[in-house]
$ cat start.csv   # CSV, C-alpha atoms
chain,number,residue,atom,x,y,z
A,1,GLY,CA,43.3,-20.7,-17.7
A,2,ILE,CA,41.3,-17.6,-16.9
A,3,LEU,CA,42.5,-17.4,-13.3
A,4,GLY,CA,46.0,-16.9,-14.7
A,5,SER,CA,44.8,-13.7,-16.5
A,6,PHE,CA,42.5,-11.5,-14.5
A,7,GLN,CA,42.7,-9.0,-17.3
A,8,SER,CA,40.9,-11.6,-19.5
A,9,PHE,CA,38.2,-11.9,-16.8
A,10,GLU,CA,37.8,-8.1,-16.8
A,11,ASP,CA,37.4,-8.1,-20.6
A,12,VAL,CA,34.8,-10.9,-20.5
A,13,ILE,CA,32.7,-9.0,-18.0
A,14,ALA,CA,32.9,-5.8,-20.1
A,15,ILE,CA,32.0,-7.6,-23.3
A,16,VAL,CA,29.0,-9.5,-21.8
A,17,GLY,CA,27.7,-6.3,-20.2
A,18,GLN,CA,27.8,-4.4,-23.4
A,19,ASP,CA,25.5,-6.8,-25.1
A,20,GLU,CA,22.1,-5.1,-25.6
A,21,ALA,CA,20.3,-8.1,-24.2
A,22,VAL,CA,22.1,-7.8,-20.8
A,23,SER,CA,20.8,-5.5,-18.1
A,24,LEU,CA,22.8,-6.8,-15.1
A,25,VAL,CA,26.1,-8.6,-14.5
A,26,ALA,CA,27.1,-10.6,-11.5
A,27,VAL,CA,30.7,-11.9,-10.9
A,28,CYS,CA,30.7,-15.1,-8.9
A,29,PHE,CA,33.9,-15.3,-6.8
A,30,ASP,CA,34.5,-16.1,-3.1
A,31,LEU,CA,36.1,-13.8,-0.6
A,32,ALA,CA,38.8,-14.6,1.9
A,33,ASP,CA,38.2,-13.9,5.5
A,34,SER,CA,41.7,-12.7,6.3
A,35,LYS,CA,45.0,-11.7,4.7
A,36,GLU,CA,46.6,-14.9,5.8
A,37,ASN,CA,44.0,-17.0,4.0
A,38,ASP,CA,43.9,-14.8,0.9
A,39,ASN,CA,45.5,-16.6,-2.1
A,40,PHE,CA,44.9,-13.8,-4.6
A,41,GLY,CA,44.8,-10.4,-2.8
A,42,PRO,CA,43.1,-7.4,-4.3
A,43,GLU,CA,44.1,-8.1,-7.9
A,44,PRO,CA,41.1,-10.2,-9.1
A,45,PHE,CA,38.6,-7.9,-7.4
A,46,SER,CA,40.2,-4.8,-8.9
A,47,HIS,CA,39.7,-6.3,-12.4
A,48,PHE,CA,36.2,-7.4,-11.6
A,49,ALA,CA,35.3,-3.8,-10.5
A,50,LYS,CA,36.9,-2.4,-13.7
A,51,GLY,CA,35.0,-4.9,-15.8
A,52,ILE,CA,31.7,-3.9,-14.2
A,53,ARG,CA,32.4,-0.2,-14.9
A,54,ARG,CA,33.3,-1.0,-18.5
A,55,ALA,CA,30.2,-3.1,-18.9
A,56,GLY,CA,28.0,0.0,-18.6
A,57,VAL,CA,25.2,-1.8,-16.7
A,58,PRO,CA,24.7,-2.4,-13.0
A,59,GLY,CA,26.8,-5.2,-11.5
A,60,PHE,CA,27.9,-6.7,-8.3
A,61,LEU,CA,30.1,-9.4,-6.7
A,62,GLN,CA,28.2,-12.6,-5.9
A,63,THR,CA,29.9,-15.0,-3.4
A,64,GLN,CA,28.9,-18.6,-3.5
A,65,SER,CA,28.8,-19.0,0.3
A,66,TYR,CA,26.6,-17.4,3.0
A,67,LEU,CA,29.6,-16.7,5.2
A,68,THR,CA,29.9,-13.4,7.0
A,69,VAL,CA,31.9,-10.8,5.1
A,70,THR,CA,34.8,-9.9,7.4
A,71,PRO,CA,36.2,-6.4,8.0
A,72,TYR,CA,39.3,-7.6,5.9
A,73,ALA,CA,37.0,-8.5,3.0
A,74,ARG,CA,35.0,-5.3,3.2
A,75,GLU,CA,38.1,-3.1,3.2
A,76,LEU,CA,39.5,-5.0,0.2
A,77,LEU,CA,36.3,-4.4,-1.8
A,78,GLU,CA,36.2,-0.8,-0.8
A,79,SER,CA,39.8,-0.3,-1.9
A,80,VAL,CA,39.1,-1.5,-5.5
A,81,GLY,CA,35.7,0.3,-5.8
A,82,MET,CA,33.5,-2.8,-6.0
A,83,PRO,CA,30.0,-1.3,-6.3
A,84,ALA,CA,28.1,-4.0,-4.4
A,85,ARG,CA,28.3,-7.6,-3.1
A,86,VAL,CA,25.8,-10.2,-2.1
A,87,SER,CA,26.6,-13.2,0.0
A,88,GLY,CA,25.2,-16.6,-1.0
A,89,LEU,CA,23.9,-17.6,-4.4
A,90,GLY,CA,20.3,-18.1,-3.2
A,91,THR,CA,20.2,-14.6,-1.7
A,92,GLY,CA,21.7,-13.1,-4.8
A,93,MET,CA,19.3,-14.8,-7.3
A,94,ARG,CA,16.2,-13.9,-5.2
A,95,ALA,CA,17.4,-10.3,-5.2
A,96,VAL,CA,18.0,-10.3,-8.9
A,97,GLY,CA,14.5,-11.8,-9.5
A,98,ALA,CA,12.9,-9.1,-7.4
A,99,ALA,CA,14.8,-6.4,-9.3
A,100,PHE,CA,13.5,-7.7,-12.6
A,101,ARG,CA,10.0,-8.1,-11.3
A,102,TRP,CA,10.1,-4.5,-10.1
A,103,SER,CA,11.4,-3.4,-13.5
A,104,GLU,CA,8.4,-5.2,-15.2
A,105,ALA,CA,6.0,-3.5,-12.7
A,106,VAL,CA,7.5,-0.1,-13.6
A,107,ARG,CA,6.9,-0.8,-17.3
A,108,ARG,CA,3.3,-1.7,-16.5
A,109,GLY,CA,2.8,1.7,-14.9
A,110,ALA,CA,4.1,1.5,-11.3
A,111,PRO,CA,5.7,4.8,-10.2
A,112,GLU,CA,9.5,4.6,-10.6
A,113,VAL,CA,10.1,6.8,-7.5
A,114,ALA,CA,7.9,6.3,-4.4
A,115,PRO,CA,6.6,9.3,-2.6
A,116,VAL,CA,8.3,10.0,0.7
A,117,ALA,CA,6.1,8.1,3.2
A,118,SER,CA,7.8,9.6,6.2
A,119,ALA,CA,6.9,13.2,5.4
A,120,ALA,CA,5.0,14.9,8.1
A,121,LEU,CA,1.2,15.5,7.6
A,122,SER,CA,0.6,19.0,6.4
A,123,GLY,CA,-2.4,20.5,8.2
A,124,PRO,CA,-4.5,19.1,11.1
A,125,ARG,CA,-5.0,15.4,11.6
A,126,PRO,CA,-8.5,14.1,10.7
A,127,THR,CA,-10.2,13.3,13.9
A,128,ASN,CA,-13.6,11.8,12.9
A,129,GLU,CA,-15.2,10.1,10.0
A,130,ARG,CA,-16.4,13.3,8.3
A,131,GLU,CA,-12.9,14.8,8.5
A,132,ALA,CA,-11.4,11.5,7.2
A,133,LEU,CA,-13.8,11.6,4.2
A,134,ASP,CA,-13.0,15.2,3.5
A,135,PHE,CA,-9.3,14.4,3.6
A,136,LEU,CA,-9.8,11.6,1.1
A,137,SER,CA,-11.9,13.8,-1.1
A,138,ALA,CA,-9.2,16.4,-1.2
A,139,HIS,CA,-6.8,13.7,-2.5
A,140,GLY,CA,-9.0,12.7,-5.4
A,141,VAL,CA,-11.1,10.0,-3.7
A,142,PRO,CA,-14.8,10.0,-4.6
A,143,VAL,CA,-16.8,10.1,-1.3
A,144,ILE,CA,-20.5,10.1,-0.5
A,145,PRO,CA,-22.0,13.5,0.2
A,146,ALA,CA,-22.8,13.9,3.9
A,147,HIS,CA,-24.1,16.6,6.2
A,148,VAL,CA,-23.5,16.9,9.9
A,149,ALA,CA,-26.6,17.4,12.1
A,150,ARG,CA,-26.3,18.6,15.7
A,151,SER,CA,-29.9,18.5,16.6
A,152,GLY,CA,-33.1,16.6,15.7
A,153,ASP,CA,-34.4,19.6,13.8
A,154,GLU,CA,-31.2,19.8,11.8
A,155,ALA,CA,-31.5,16.1,11.0
A,156,ALA,CA,-35.1,16.6,9.8
A,157,ALA,CA,-34.2,19.5,7.6
A,158,ILE,CA,-31.3,17.6,6.0
A,159,ALA,CA,-33.5,14.6,5.3
A,160,GLU,CA,-36.2,16.8,3.8
A,161,ARG,CA,-33.7,18.5,1.6
A,162,LEU,CA,-32.2,15.2,0.4
A,163,ALA,CA,-35.8,13.9,-0.4
A,164,ALA,CA,-34.7,10.3,-0.2
A,165,PRO,CA,-34.1,7.6,2.4
A,166,VAL,CA,-31.0,8.4,4.4
A,167,ALA,CA,-28.4,6.8,6.7
A,168,LEU,CA,-27.6,8.2,10.1
A,169,LYS,CA,-24.1,7.6,11.6
A,170,ILE,CA,-22.8,8.8,14.9
A,171,LEU,CA,-19.8,11.2,14.5
A,172,SER,CA,-17.2,10.8,17.2
A,173,PRO,CA,-13.4,10.6,17.4
A,174,ASP,CA,-13.8,8.2,20.3
A,175,ILE,CA,-16.0,5.6,18.6
A,176,ALA,CA,-14.3,3.5,15.9
A,177,HIS,CA,-17.0,0.8,15.6
A,178,LYS,CA,-20.3,2.7,15.4
A,179,THR,CA,-22.6,-0.3,15.0
A,180,GLU,CA,-21.5,-1.7,18.3
A,181,VAL,CA,-23.0,1.2,20.2
A,182,GLY,CA,-26.1,1.6,18.1
A,183,GLY,CA,-24.6,4.4,16.1
A,184,VAL,CA,-25.8,3.4,12.6
A,185,SER,CA,-29.3,3.6,11.2
A,186,LEU,CA,-30.2,2.9,7.6
A,187,ASN,CA,-33.2,3.6,5.3
A,188,ILE,CA,-34.6,6.4,7.4
A,189,ALA,CA,-37.4,8.0,5.3
A,190,GLY,CA,-38.8,11.4,5.8
A,191,ALA,CA,-38.1,14.4,8.1
A,192,ASP,CA,-40.1,13.2,11.1
A,193,ALA,CA,-38.4,9.8,11.1
A,194,ALA,CA,-34.9,11.4,10.8
A,195,ARG,CA,-35.7,13.7,13.8
A,196,ALA,CA,-36.9,10.8,15.9
A,197,GLU,CA,-33.9,8.6,15.0
A,198,TYR,CA,-31.5,11.4,15.8
A,199,VAL,CA,-32.9,11.7,19.3
A,200,ALA,CA,-33.0,7.9,19.8
A,201,MET,CA,-29.4,7.4,18.4
A,202,ALA,CA,-28.0,10.2,20.6
A,203,ALA,CA,-29.6,8.5,23.7
A,204,ARG,CA,-28.3,5.0,22.7
A,205,VAL,CA,-24.8,6.2,22.2
A,206,ALA,CA,-24.7,8.3,25.4
A,207,ALA,CA,-25.9,5.3,27.4
A,208,ALA,CA,-23.3,3.0,25.8
A,209,ARG,CA,-20.4,5.4,25.8
A,210,PRO,CA,-21.1,8.2,28.3
A,211,VAL,CA,-17.6,9.7,28.1
A,212,ALA,CA,-17.2,9.7,24.3
A,213,ARG,CA,-17.0,13.1,22.5
A,214,ILE,CA,-19.9,13.5,20.1
A,215,ASP,CA,-19.5,15.8,17.2
A,216,GLY,CA,-23.0,15.2,15.8
A,217,ILE,CA,-24.6,12.7,13.5
A,218,THR,CA,-23.9,12.5,9.8
A,219,ILE,CA,-26.8,12.3,7.4
A,220,SER,CA,-26.1,10.7,4.0
A,221,PRO,CA,-28.3,9.5,1.1
A,222,MET,CA,-28.8,5.7,1.0
A,223,ARG,CA,-27.1,3.9,-1.9
A,224,GLY,CA,-28.9,1.1,-3.6
A,225,ALA,CA,-27.6,-2.3,-4.9
A,226,GLY,CA,-24.0,-2.4,-5.9
A,227,VAL,CA,-20.7,-4.1,-5.2
A,228,GLU,CA,-19.0,-3.4,-1.9
A,229,LEU,CA,-15.3,-3.5,-1.7
A,230,ILE,CA,-13.0,-3.1,1.3
A,231,VAL,CA,-9.8,-1.2,1.0
A,232,GLY,CA,-7.5,-1.6,3.9
A,233,ILE,CA,-4.1,-0.1,4.5
A,234,ALA,CA,-1.8,-1.1,7.4
A,235,ARG,CA,1.7,-0.1,8.3
A,236,ASP,CA,4.0,-3.0,8.6
A,237,PRO,CA,7.2,-2.4,10.7
A,238,THR,CA,9.4,-3.8,7.9
A,239,TRP,CA,7.6,-3.1,4.6
A,240,GLY,CA,5.8,0.2,5.4
A,241,LEU,CA,2.3,0.8,4.2
A,242,VAL,CA,0.6,-2.3,2.8
A,243,LEU,CA,-2.6,-2.2,0.7
A,244,ALA,CA,-5.3,-4.9,0.8
A,245,VAL,CA,-8.2,-4.9,-1.6
A,246,GLY,CA,-11.1,-7.4,-1.5
A,247,LEU,CA,-14.8,-7.9,-1.6
A,248,GLY,CA,-16.5,-6.2,1.3
A,249,GLY,CA,-19.7,-6.8,3.2
A,250,VAL,CA,-20.2,-10.4,4.4
A,251,LEU,CA,-18.0,-11.7,1.6
A,252,VAL,CA,-14.8,-10.3,3.2
A,253,GLU,CA,-15.1,-12.9,6.0
A,254,VAL,CA,-16.8,-15.7,4.0
A,255,LEU,CA,-14.3,-15.7,1.1
A,256,ALA,CA,-11.2,-14.4,2.9
A,257,ASP,CA,-10.4,-13.0,-0.5
A,258,ALA,CA,-8.0,-10.1,-0.8
A,259,ASP,CA,-4.9,-9.1,-2.8
A,260,LEU,CA,-1.9,-7.3,-1.3
A,261,ALA,CA,0.5,-4.7,-2.6
A,262,LEU,CA,3.1,-2.2,-1.2
A,263,LEU,CA,2.2,1.4,-1.5
A,264,PRO,CA,2.3,3.4,-3.7
A,265,VAL,CA,0.3,1.7,-6.4
A,266,SER,CA,-0.8,2.9,-9.8
A,267,PRO,CA,-4.3,2.3,-11.3
A,268,ASN,CA,-2.8,-0.3,-13.6
A,269,GLN,CA,-1.5,-2.3,-10.6
A,270,VAL,CA,-4.9,-2.1,-8.8
A,271,GLU,CA,-6.7,-3.4,-11.9
A,272,GLU,CA,-4.3,-6.4,-11.8
A,273,MET,CA,-5.1,-6.9,-8.1
A,274,LEU,CA,-8.8,-6.9,-8.8
A,275,GLY,CA,-8.3,-9.5,-11.5
A,276,ARG,CA,-6.5,-11.8,-9.1
A,277,LEU,CA,-9.4,-11.9,-6.6
A,278,LYS,CA,-11.1,-15.3,-6.4
A,279,ALA,CA,-14.4,-13.5,-6.8
A,280,ALA,CA,-13.3,-11.4,-9.7
A,281,ARG,CA,-16.2,-12.7,-11.8
A,282,LEU,CA,-18.6,-11.0,-9.4
A,283,LEU,CA,-17.2,-7.6,-10.5
A,284,ASP,CA,-18.3,-8.2,-14.1
A,285,GLY,CA,-22.0,-8.4,-13.3
A,286,TYR,CA,-24.2,-11.0,-11.7
A,287,ARG,CA,-27.9,-11.5,-11.2
A,288,GLY,CA,-28.7,-8.5,-13.3
A,289,GLN,CA,-26.2,-6.2,-11.6
A,290,PRO,CA,-24.1,-4.0,-14.0
A,291,ALA,CA,-20.4,-4.8,-14.4
A,292,ILE,CA,-18.3,-2.4,-12.4
A,293,ASP,CA,-16.0,0.0,-14.1
A,294,ARG,CA,-12.7,-1.5,-13.0
A,295,ARG,CA,-10.7,1.5,-14.2
A,296,LYS,CA,-12.7,3.9,-12.0
A,297,VAL,CA,-12.3,1.6,-9.1
A,298,ALA,CA,-8.6,1.3,-9.7
A,299,GLU,CA,-8.2,5.1,-9.8
A,300,ALA,CA,-10.1,5.5,-6.5
A,301,VAL,CA,-8.0,2.8,-4.8
A,302,ALA,CA,-4.8,4.3,-6.0
A,303,ALA,CA,-5.9,7.7,-4.7
A,304,ILE,CA,-6.7,6.2,-1.3
A,305,GLY,CA,-3.2,4.8,-1.2
A,306,ASN,CA,-1.7,8.2,-2.0
A,307,ALA,CA,-3.9,9.8,0.7
A,308,ALA,CA,-2.6,7.3,3.2
A,309,ILE,CA,1.0,8.2,2.3
A,310,ALA,CA,0.1,11.9,2.7
A,311,LEU,CA,-1.2,11.2,6.2
A,312,GLY,CA,2.4,10.8,7.4
A,313,PRO,CA,4.3,8.2,9.5
A,314,ASP,CA,1.9,8.3,12.5
A,315,LEU,CA,-0.8,6.6,10.5
A,316,MET,CA,-1.1,3.0,11.5
A,317,SER,CA,-4.1,2.0,9.4
A,318,LEU,CA,-6.7,3.4,7.1
A,319,GLU,CA,-9.8,1.4,6.2
A,320,VAL,CA,-12.4,2.3,3.7
A,321,ASN,CA,-15.4,-0.1,4.2
A,322,PRO,CA,-17.2,-0.1,2.0
A,323,LEU,CA,-16.0,1.4,-1.3
A,324,TRP,CA,-19.4,1.2,-3.0
A,325,VAL,CA,-19.5,0.6,-6.8
A,326,SER,CA,-22.5,0.6,-9.2
A,327,GLY,CA,-21.3,0.6,-12.8
A,328,SER,CA,-19.1,3.6,-13.1
A,329,HIS,CA,-20.3,5.2,-9.9
A,330,VAL,CA,-17.7,4.8,-7.2
A,331,GLU,CA,-18.0,6.2,-3.7
A,332,CYS,CA,-16.3,5.8,-0.4
A,333,LEU,CA,-19.1,5.4,2.2
A,334,ASP,CA,-17.1,5.1,5.4
A,335,ALA,CA,-13.5,5.6,6.5
A,336,LEU,CA,-11.6,4.8,9.7
A,337,MET,CA,-8.1,6.0,10.5
A,338,ILE,CA,-6.0,4.6,13.4
A,339,TRP,CA,-3.0,6.5,14.6
A,340,ALA,CA,0.1,5.5,16.6
A,341,ASP,CA,-1.3,7.2,19.6
A,342,THR,CA,-4.9,6.1,19.1
A,343,PRO,CA,-6.2,4.7,22.4
A,344,ALA,CA,-7.8,1.3,22.4
A,345,HIS,CA,-11.6,1.2,22.7
$ encode --input "start.csv" --output "structure tokens"
Amino acid sequence: GILGSFQSFEDVIAIVGQDEAVSLVAVCFDLADSKENDNFGPEPFSHFAKGIRRAGVPGFLQTQSYLTVTPYARELLESVGMPARVSGLGTGMRAVGAAFRWSEAVRRGAPEVAPVASAALSGPRPTNEREALDFLSAHGVPVIPAHVARSGDEAAAIAERLAAPVALKILSPDIAHKTEVGGVSLNIAGADAARAEYVAMAARVAAARPVARIDGITISPMRGAGVELIVGIARDPTWGLVLAVGLGGVLVEVLADADLALLPVSPNQVEEMLGRLKAARLLDGYRGQPAIDRRKVAEAVAAIGNAAIALGPDLMSLEVNPLWVSGSHVECLDALMIWADTPAH
């Protein structure tokens, strides 16, 4: 019946698409591979394309088979103005499902238009941890206050000014993993201890990595008990920048617990990611610890993601470990950036 009147087919497509409950129309019809094997010619496809235009919603041609669309078929579809086509019912339905999931994510707060991830980095590239933290801070990420000492006396003066136990970390663009070379010391109390530890750390690192460039040693106040999260971003060759959020410290290896998302992300999306963690209950307070402010954490993680995008296409990975949280106090304590031309250490 309906194959005898492609005008009727066009009218049906238009009527269905005009229903307020319909957001997308797909016309299921197979394509011929050559003119010799084409029993219908362009007529049905012309009506299908007109029906989609009349429907007023996005639409496409959905072929049942996964056969290759030949040059003949492509030219036919172009001649009638078919907006799009998908080969294979399975492929088409997966694509439709993904489109509707993305629409739902947008309604929950995901950005409708992603920032251009390929834009060049404006300004100089961060070369060490302090510059990395400063870059994150400039993009709205809360970071721990830190001061750079370049002598034992400077370290002593900073520790005295902070009037609290401090952490010392070697500052070098050539050392990614500071603990492996003795470049991290915690809970150093007092000016004299800070001076002595500066001298000792400088000697340890020089012995372990004699050719590494040393920019100094950072002095930061120690942070007490809290929840440590790890925020990792890596560039996938197909998907671009991928965000991973999970429990940090020893838990990152013990639980292997992380949730993934493509950048950019909104704070709403990050809150959902935190809720999907196996250890999500630990975020709500345990053994007397205060529950973390998930919204503050989500805003910080989303800002880290935006900063990663702003670093441009040469960024291969960005790791914040840990992102320290105590109640509503959120701070990035350490950051590591790996670039496309970063030499292996």
$ residues_around --input "start.csv" --residues "Arg213 of chain A" --least-positions-apart "4" --cutoff "10 Å" --atoms "all atoms listed in the file" --output "PyMOL selection string"
chain A and resi 171-175+206+209
$ write_last_selection --input "start.csv" --atoms "C-alpha atoms" --output "tab-separated table (two decimals), keeping the file's coordinate frame"
chain	number	residue	atom	x	y	z
A	171	LEU	CA	-19.80	11.20	14.50
A	172	SER	CA	-17.20	10.80	17.20
A	173	PRO	CA	-13.40	10.60	17.40
A	174	ASP	CA	-13.80	8.20	20.30
A	175	ILE	CA	-16.00	5.60	18.60
A	206	ALA	CA	-24.70	8.30	25.40
A	209	ARG	CA	-20.40	5.40	25.80
$ atom_distance --input "start.csv" --atom1 "atom CA of Gly183 of chain A" --atom2 "atom CA of Arg195 of chain A"
14.7 Å
$ residues_around --input "start.csv" --residues "Ile217 of chain A" --least-positions-apart "5" --cutoff "8 Å" --atoms "all atoms listed in the file" --output "PyMOL selection string"
chain A and resi 148-150+168-171+198
$ residues_around --input "start.csv" --residues "Arg54 of chain A" --least-positions-apart "2" --cutoff "10 Å" --atoms "only C-alpha atoms" --output "count of residues only"
14
$ atom_distance --input "start.csv" --atom1 "atom CA of Leu262 of chain A" --atom2 "atom CA of Leu243 of chain A"
6.0 Å
$ closest_residue --input "start.csv" --among "A:Asn306, A:Thr218, A:Ser46, A:Gln269" --to "Ser151 of chain A" --atoms "all atoms listed in the file"
A:Thr218
$ atom_distance --input "start.csv" --atom1 "atom CA of Ala138 of chain A" --atom2 "atom CA of Asp341 of chain A"
24.1 Å
$ residues_around --input "start.csv" --residues "Ala300 of chain A" --least-positions-apart "2" --cutoff "8 Å" --atoms "all atoms listed in the file" --output "MDAnalysis selection string"
chainID A and resid 140:142 296:298 302:304 330
$ write_last_selection --input "start.csv" --atoms "C-alpha atoms" --output "PDB file, in the coordinates of the input"
ATOM      1  CA  GLY A 140      -9.000  12.700  -5.400  1.00  0.00           C
ATOM      2  CA  VAL A 141     -11.100  10.000  -3.700  1.00  0.00           C
ATOM      3  CA  PRO A 142     -14.800  10.000  -4.600  1.00  0.00           C
ATOM      4  CA  LYS A 296     -12.700   3.900 -12.000  1.00  0.00           C
ATOM      5  CA  VAL A 297     -12.300   1.600  -9.100  1.00  0.00           C
ATOM      6  CA  ALA A 298      -8.600   1.300  -9.700  1.00  0.00           C
ATOM      7  CA  ALA A 302      -4.800   4.300  -6.000  1.00  0.00           C
ATOM      8  CA  ALA A 303      -5.900   7.700  -4.700  1.00  0.00           C
ATOM      9  CA  ILE A 304      -6.700   6.200  -1.300  1.00  0.00           C
ATOM     10  CA  VAL A 330     -17.700   4.800  -7.200  1.00  0.00           C
TER      11      VAL A 330
END
$ closest_residue --input "start.csv" --among "A:Phe29, A:Asp153, A:Leu282, A:Ala234" --to "Asp192 of chain A" --atoms "all atoms listed in the file"
A:Asp153
$ residues_around --input "start.csv" --residues "Leu133 of chain A" --least-positions-apart "4" --cutoff "12 Å" --atoms "only C-alpha atoms" --output "MDAnalysis selection string"
chainID A and resid 126:129 137:147 171 218 304 307 318:321 323 331:337
$ residues_near_point --input "start.csv" --point "(-35.5, 14.6, 11.2)" --cutoff "7 Å" --atoms "only C-alpha atoms" --output "list in words"
Gly152, Asp153, Glu154, Ala155, Ala156, Ala157, Ala159, Ala191, Asp192, Ala193, Ala194, Arg195, Ala196 and Tyr198 of chain A
$ write_last_selection --input "start.csv" --atoms "C-alpha atoms" --output "CSV table (one decimal), in the coordinates of the input"
chain,number,residue,atom,x,y,z
A,152,GLY,CA,-33.1,16.6,15.7
A,153,ASP,CA,-34.4,19.6,13.8
A,154,GLU,CA,-31.2,19.8,11.8
A,155,ALA,CA,-31.5,16.1,11.0
A,156,ALA,CA,-35.1,16.6,9.8
A,157,ALA,CA,-34.2,19.5,7.6
A,159,ALA,CA,-33.5,14.6,5.3
A,191,ALA,CA,-38.1,14.4,8.1
A,192,ASP,CA,-40.1,13.2,11.1
A,193,ALA,CA,-38.4,9.8,11.1
A,194,ALA,CA,-34.9,11.4,10.8
A,195,ARG,CA,-35.7,13.7,13.8
A,196,ALA,CA,-36.9,10.8,15.9
A,198,TYR,CA,-31.5,11.4,15.8
$ closest_residue --input "start.csv" --among "A:Pro264, A:Gly305, A:Gly59, A:Gly232" --to "Val106 of chain A" --atoms "all atoms listed in the file"
A:Pro264
$ residues_near_point --input "start.csv" --point "(-7.2, -10.6, -3.0)" --cutoff "6 Å" --atoms "all atoms listed in the file" --output "list in words"
Val245, Gly246, Asp257, Ala258, Asp259 and Leu277 of chain A
$ closest_residue --input "start.csv" --among "A:Ala132, A:Ala105, A:Ile214, A:Leu186" --to "Val270 of chain A" --atoms "all atoms listed in the file"
A:Ala105
$ closest_residue --input "start.csv" --among "A:Gly182, A:Gly97, A:Pro58, A:Gly240" --to "Ala261 of chain A" --atoms "all atoms listed in the file"
A:Gly240
$ closest_residue --input "start.csv" --among "A:Pro237, A:Gly327, A:Gly224, A:Pro71" --to "Pro290 of chain A" --atoms "only C-alpha atoms"
A:Gly327
$ build_atoms --input "start.csv" --residues "segment 214-227 of chain A" --atoms "N, CA and C atoms" --output "mmCIF file, in the frame of the given file"
data_model
loop_
_atom_site.group_PDB
_atom_site.id
_atom_site.type_symbol
_atom_site.label_atom_id
_atom_site.label_comp_id
_atom_site.auth_asym_id
_atom_site.auth_seq_id
_atom_site.Cartn_x
_atom_site.Cartn_y
_atom_site.Cartn_z
ATOM 1 N N ILE A 214 -18.971 13.586 21.235
ATOM 2 C CA ILE A 214 -19.900 13.500 20.100
ATOM 3 C C ILE A 214 -19.881 14.768 19.323
ATOM 4 N N ASP A 215 -19.537 14.657 18.043
ATOM 5 C CA ASP A 215 -19.500 15.800 17.200
ATOM 6 C C ASP A 215 -20.766 16.045 16.397
ATOM 7 N N GLY A 216 -21.717 15.154 16.555
ATOM 8 C CA GLY A 216 -23.000 15.200 15.800
ATOM 9 C C GLY A 216 -23.317 13.906 15.199
ATOM 10 N N ILE A 217 -24.231 13.936 14.253
ATOM 11 C CA ILE A 217 -24.600 12.700 13.500
ATOM 12 C C ILE A 217 -24.637 13.086 12.036
ATOM 13 N N THR A 218 -23.976 12.257 11.220
ATOM 14 C CA THR A 218 -23.900 12.500 9.800
ATOM 15 C C THR A 218 -25.181 11.947 9.124
ATOM 16 N N ILE A 219 -25.673 12.687 8.139
ATOM 17 C CA ILE A 219 -26.800 12.300 7.400
ATOM 18 C C ILE A 219 -26.398 12.161 5.913
ATOM 19 N N SER A 220 -26.553 10.968 5.334
ATOM 20 C CA SER A 220 -26.100 10.700 4.000
ATOM 21 C C SER A 220 -27.265 10.026 3.192
ATOM 22 N N PRO A 221 -27.345 10.233 1.887
ATOM 23 C CA PRO A 221 -28.300 9.500 1.100
ATOM 24 C C PRO A 221 -28.005 8.021 1.068
ATOM 25 N N MET A 222 -29.011 7.185 1.129
ATOM 26 C CA MET A 222 -28.800 5.700 1.000
ATOM 27 C C MET A 222 -28.369 5.409 -0.424
ATOM 28 N N ARG A 223 -27.535 4.417 -0.540
ATOM 29 C CA ARG A 223 -27.100 3.900 -1.900
ATOM 30 C C ARG A 223 -27.806 2.557 -2.065
ATOM 31 N N GLY A 224 -28.177 2.295 -3.316
ATOM 32 C CA GLY A 224 -28.900 1.100 -3.600
ATOM 33 C C GLY A 224 -27.954 -0.110 -3.838
ATOM 34 N N ALA A 225 -28.417 -1.070 -4.631
ATOM 35 C CA ALA A 225 -27.600 -2.300 -4.900
ATOM 36 C C ALA A 225 -26.342 -1.920 -5.610
ATOM 37 N N GLY A 226 -25.312 -2.638 -5.296
ATOM 38 C CA GLY A 226 -24.000 -2.400 -5.900
ATOM 39 C C GLY A 226 -23.007 -3.396 -5.344
ATOM 40 N N VAL A 227 -21.782 -3.260 -5.742
ATOM 41 C CA VAL A 227 -20.700 -4.100 -5.200
ATOM 42 C C VAL A 227 -19.994 -3.325 -4.114
#
